[in-house]
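In what follows, a single structure is set out as structure tokens and then discussed.
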Amino acid sequence: MELDRERLLATFAEESGELLTEMEEALVSLEEHPDEERLRSIFRGAHTVKGAAAALGFSGMTDVSHVLEDVLETLLERRLPVSDEHVTLLLATVDRLRELLDAVLAGEERPAQEETELVGRLRACSEALRQQEARRAVYAAPVEEHAVEAGGRRGRTLRVDVEKLDRIAILTGELAIARTRLAQVLVTGTAEQALEVHREADRLHEELQEEVMRVRMVPVGPLFRQQRRTVRDLTRTERKWARLVLEGEEVEVDTALVEGLREPLLHLVRNAVDHGLETPEERRAAGKEACGTLVLRAFHEPGSLVVELADDGRGLRYERLRQKARGLGLEPERMTMEELEELVFLPGLSTAERVTEVSGRGVGMDVVRRSVGALRGLVSLRSQEGQGTTVTLRVPLTLATIQGFSVGVGEETYVLPLEAVRECLELPAERRGQEGTGVLNLRGRPLPYLRLRELLGVRGPAPVRESVVVLGHGGSRAGLVVDTLFGEGQCVLKPLGRLFRHLPGVSGSTILGSGRVGLVLDVPTLLRTAIRQRAAVA
């Protein structure tokens, strides 16, 4: 019976979490596009949550859902318009239901009496609505939206199209047949026949791998739509007007990336509203529409997902950035616009005139770069003063596999992400055998380098000939001295064990073609180490 209840709780958690998210999205969109069907969908969601909570005996969630139902039912029956105050109260109720859901899942169900204040506000709202003169609300025509399946589900669950599962089952059956054929040919056939069967099985393996990767792909729409609530709440706090336009909601990405992009997007949206957009008065004075526009779009490039957030606000204030550069001991007169823009990613640097609850402490863009870097991605920024700013995130489509470039040091093999490898060259003869770091002259530009052998403590003598792998990430470049270059190939990433999780310069592991374990190197950390050591020597 205990096992059955655990399954019921897991189902309840997933379905209720999805319903609350859908209710939140519908409430936010209700302000811009009021239509009766949206209101009915919110009512149905509240009714379903109430029924499920009552069936499991969660009185707090049941009572709050019940009075939420009353408010929604009154709005529907009397055809009353939904005001901004109503939406704010309903959103606060959804937030409270989400908190109650987390509490009951943690085994900390709160008694219904604790919800007296919220329940009282909802009942007062319902009573006030009943006292209003019934008048027909003017609803807009329903806005056609893409039916996008939600990704990033609560917990570790994922909905999969049955057709994808059917394809995987078919490929698995074909592989079983190929394995049986290969066993027979190895006993009775020729080498040519065995090679032919092996090639067929190899093709099936590749198709199966691709299908499994597709199963992990989910649309970014649910992640994007969460930002509507963020924009709504921030504009009311900051007394600004803004609309959020979403493009490319149907674009698909690995489900693990959805969670990884959540925090960077939140910081970007908060910065855009607080720093980027002006107040309605400032926008009118500048000849702009009083309501600002944020455009959040997603699209594919070969092997990558690109996410852009553009605003039509004030843009970067370059004179203020130059002042910050002088405070850091830099010479802004010699810096390009791109180098000035890079300053916004420094930890602790902010161009805000004052610190608010939203931003101004200089941590937002630093968090964005670190979070995206952890996904093996890149962040870039372009801005035009007085016109707006666009921040672009580029991340790989999947975190499960990478195109890797294998290098050898001593008896060990290490893997570098191929997208970070710019070129390879031979270490100059005069640098061979030298210990420590240094700087090479690469076509007239200084290239700091470090030795992987010393960084990872690999024992044994260095070979007569060494190579330098030139790495690039986020506008920075550095060289990595290795013994051997093995070349590129696809690698399946494996997480590090608990003992090795905090090993500097290493982000994961993979199984090599020889069957041995190879460490996957963390390029951003290697670059920071090389640049820091160069600065220390200088």
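Ordering of the structure tokens sets the chain letters (A, B, ...), residue numbers begin anew at 1 in every chain, and ligands are numbered from 1 in the order given.
Considering only stretch 362-435 of chain A, backbone DSSP assigns alpha helix (DSSP H) to Gly364, Met365, Asp366, Val367, Val368, Arg369, Arg370, Ser371, Val372, Gly373 and Ala374 of chain A.
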Please, could you write that set of residues out with N, CA, C and O atoms as a PDB file, in the first residue's frame?
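The new file result_0.pdb reads:
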```pdb
ATOM      1  N   GLY A 364      24.419  39.653 -12.107  1.00  0.00           N
ATOM      2  CA  GLY A 364      23.536  39.027 -13.093  1.00  0.00           C
ATOM      3  C   GLY A 364      24.252  38.496 -14.309  1.00  0.00           C
ATOM      4  O   GLY A 364      24.177  37.303 -14.623  1.00  0.00           O
ATOM      5  N   MET A 365      24.990  39.357 -15.036  1.00  0.00           N
ATOM      6  CA  MET A 365      25.632  38.929 -16.277  1.00  0.00           C
ATOM      7  C   MET A 365      26.779  37.966 -16.013  1.00  0.00           C
ATOM      8  O   MET A 365      27.071  37.103 -16.836  1.00  0.00           O
ATOM      9  N   ASP A 366      27.437  38.106 -14.861  1.00  0.00           N
ATOM     10  CA  ASP A 366      28.483  37.147 -14.489  1.00  0.00           C
ATOM     11  C   ASP A 366      27.882  35.759 -14.326  1.00  0.00           C
ATOM     12  O   ASP A 366      28.444  34.758 -14.792  1.00  0.00           O
ATOM     13  N   VAL A 367      26.705  35.689 -13.676  1.00  0.00           N
ATOM     14  CA  VAL A 367      26.022  34.400 -13.507  1.00  0.00           C
ATOM     15  C   VAL A 367      25.620  33.827 -14.861  1.00  0.00           C
ATOM     16  O   VAL A 367      25.736  32.619 -15.101  1.00  0.00           O
ATOM     17  N   VAL A 368      25.163  34.696 -15.771  1.00  0.00           N
ATOM     18  CA  VAL A 368      24.770  34.241 -17.104  1.00  0.00           C
ATOM     19  C   VAL A 368      25.945  33.571 -17.801  1.00  0.00           C
ATOM     20  O   VAL A 368      25.834  32.468 -18.337  1.00  0.00           O
ATOM     21  N   ARG A 369      27.101  34.233 -17.803  1.00  0.00           N
ATOM     22  CA  ARG A 369      28.264  33.665 -18.502  1.00  0.00           C
ATOM     23  C   ARG A 369      28.712  32.362 -17.869  1.00  0.00           C
ATOM     24  O   ARG A 369      29.035  31.401 -18.568  1.00  0.00           O
ATOM     25  N   ARG A 370      28.746  32.305 -16.544  1.00  0.00           N
ATOM     26  CA  ARG A 370      29.193  31.069 -15.880  1.00  0.00           C
ATOM     27  C   ARG A 370      28.205  29.931 -16.121  1.00  0.00           C
ATOM     28  O   ARG A 370      28.610  28.789 -16.350  1.00  0.00           O
ATOM     29  N   SER A 371      26.916  30.233 -16.064  1.00  0.00           N
ATOM     30  CA  SER A 371      25.907  29.185 -16.259  1.00  0.00           C
ATOM     31  C   SER A 371      25.933  28.649 -17.682  1.00  0.00           C
ATOM     32  O   SER A 371      25.852  27.440 -17.905  1.00  0.00           O
ATOM     33  N   VAL A 372      26.054  29.555 -18.656  1.00  0.00           N
ATOM     34  CA  VAL A 372      26.095  29.122 -20.056  1.00  0.00           C
ATOM     35  C   VAL A 372      27.410  28.400 -20.340  1.00  0.00           C
ATOM     36  O   VAL A 372      27.448  27.429 -21.099  1.00  0.00           O
ATOM     37  N   GLY A 373      28.509  28.858 -19.730  1.00  0.00           N
ATOM     38  CA  GLY A 373      29.788  28.162 -19.888  1.00  0.00           C
ATOM     39  C   GLY A 373      29.732  26.740 -19.364  1.00  0.00           C
ATOM     40  O   GLY A 373      30.350  25.834 -19.929  1.00  0.00           O
ATOM     41  N   ALA A 374      28.968  26.530 -18.277  1.00  0.00           N
ATOM     42  CA  ALA A 374      28.817  25.172 -17.736  1.00  0.00           C
ATOM     43  C   ALA A 374      28.085  24.260 -18.707  1.00  0.00           C
ATOM     44  O   ALA A 374      28.203  23.033 -18.635  1.00  0.00           O
TER      45      ALA A 374
END
```
Within 9 Å of stretch 399-413 of chain A: each stretch 164-261 of chain A residue with its shortest pair, only C-alpha atoms, as JSON lines:
```
{"residue": "A:Met213", "atom": "CA", "partner": "A:Ala400", "partner_atom": "CA", "distance": 8.0}
{"residue": "A:Asp254", "atom": "CA", "partner": "A:Leu399", "partner_atom": "CA", "distance": 7.1}
{"residue": "A:Ala256", "atom": "CA", "partner": "A:Leu399", "partner_atom": "CA", "distance": 7.1}
{"residue": "A:Leu257", "atom": "CA", "partner": "A:Leu399", "partner_atom": "CA", "distance": 7.4}
```
Checklist outcome for this item: Of A:Val269, A:Leu294, A:Val481, A:Val218, the one sitting nearest A:Glu252 when using only C-alpha atoms is A:Val218
Applying 10 Å and only C-alpha atoms, which residues near A:Gly120 remain after dropping the ones on its own chain fewer than 6 positions away? List them as a short mmCIF file (atom, residue, chain, number, x, y, z; two decimals) with C-alpha atoms, in the first residue's frame.
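Once written, out-v9.cif looks like this:
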```
data_model
loop_
_atom_site.label_atom_id
_atom_site.label_comp_id
_atom_site.auth_asym_id
_atom_site.auth_seq_id
_atom_site.Cartn_x
_atom_site.Cartn_y
_atom_site.Cartn_z
CA VAL A 64 -7.48 27.23 -1.39
CA VAL A 67 -12.30 29.38 -3.07
CA SER A 126 -15.81 36.62 -4.85
#
```
Checklist outcome for this item: Among A:Glu339, A:Thr279, A:Leu321, A:Thr437, A:Arg532 is approached most closely, using only C-alpha atoms, by A:Thr437
I'd like the neighbourhood of A:Thr62 as an mmCIF file with N, CA, C and O atoms, in the first residue's frame, where a residue qualifies if any of its atoms comes within 8 Å (using only C-alpha atoms), though same-chain residues fewer than 2 positions away should be ignored.
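That gives us result.cif:
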```cif
data_model
loop_
_atom_site.group_PDB
_atom_site.id
_atom_site.type_symbol
_atom_site.label_atom_id
_atom_site.label_comp_id
_atom_site.auth_asym_id
_atom_site.auth_seq_id
_atom_site.Cartn_x
_atom_site.Cartn_y
_atom_site.Cartn_z
ATOM 1 N N VAL A 49 -7.105 20.334 -9.774
ATOM 2 C CA VAL A 49 -6.177 20.344 -8.635
ATOM 3 C C VAL A 49 -6.945 20.116 -7.339
ATOM 4 O O VAL A 49 -6.509 19.351 -6.466
ATOM 5 N N LYS A 50 -8.117 20.763 -7.204
ATOM 6 C CA LYS A 50 -8.918 20.584 -5.989
ATOM 7 C C LYS A 50 -9.338 19.124 -5.816
ATOM 8 O O LYS A 50 -9.214 18.550 -4.728
ATOM 9 N N GLY A 51 -9.823 18.509 -6.896
ATOM 10 C CA GLY A 51 -10.264 17.116 -6.806
ATOM 11 C C GLY A 51 -9.141 16.165 -6.442
ATOM 12 O O GLY A 51 -9.312 15.278 -5.590
ATOM 13 N N ALA A 53 -6.272 16.932 -4.881
ATOM 14 C CA ALA A 53 -5.821 17.186 -3.513
ATOM 15 C C ALA A 53 -6.802 16.614 -2.495
ATOM 16 O O ALA A 53 -6.392 16.045 -1.472
ATOM 17 N N ALA A 54 -8.095 16.740 -2.765
ATOM 18 C CA ALA A 54 -9.108 16.201 -1.847
ATOM 19 C C ALA A 54 -9.028 14.681 -1.775
ATOM 20 O O ALA A 54 -9.176 14.088 -0.699
ATOM 21 N N PHE A 58 -5.313 16.320 1.217
ATOM 22 C CA PHE A 58 -4.527 17.532 1.463
ATOM 23 C C PHE A 58 -5.489 18.705 1.633
ATOM 24 O O PHE A 58 -5.888 19.372 0.673
ATOM 25 N N SER A 59 -5.877 18.970 2.878
ATOM 26 C CA SER A 59 -6.938 19.938 3.151
ATOM 27 C C SER A 59 -6.544 21.361 2.785
ATOM 28 O O SER A 59 -7.388 22.150 2.332
ATOM 29 N N GLY A 60 -5.279 21.736 2.991
ATOM 30 C CA GLY A 60 -4.854 23.095 2.679
ATOM 31 C C GLY A 60 -5.020 23.411 1.209
ATOM 32 O O GLY A 60 -5.606 24.436 0.831
ATOM 33 N N VAL A 64 -7.912 26.120 -0.548
ATOM 34 C CA VAL A 64 -7.481 27.235 -1.393
ATOM 35 C C VAL A 64 -8.015 27.063 -2.811
ATOM 36 O O VAL A 64 -8.510 28.016 -3.438
ATOM 37 N N SER A 65 -7.944 25.837 -3.344
ATOM 38 C CA SER A 65 -8.444 25.583 -4.700
ATOM 39 C C SER A 65 -9.945 25.820 -4.784
ATOM 40 O O SER A 65 -10.451 26.307 -5.802
ATOM 41 N N HIS A 66 -10.654 25.486 -3.704
ATOM 42 C CA HIS A 66 -12.119 25.626 -3.714
ATOM 43 C C HIS A 66 -12.530 27.096 -3.829
ATOM 44 O O HIS A 66 -13.388 27.448 -4.639
#
```
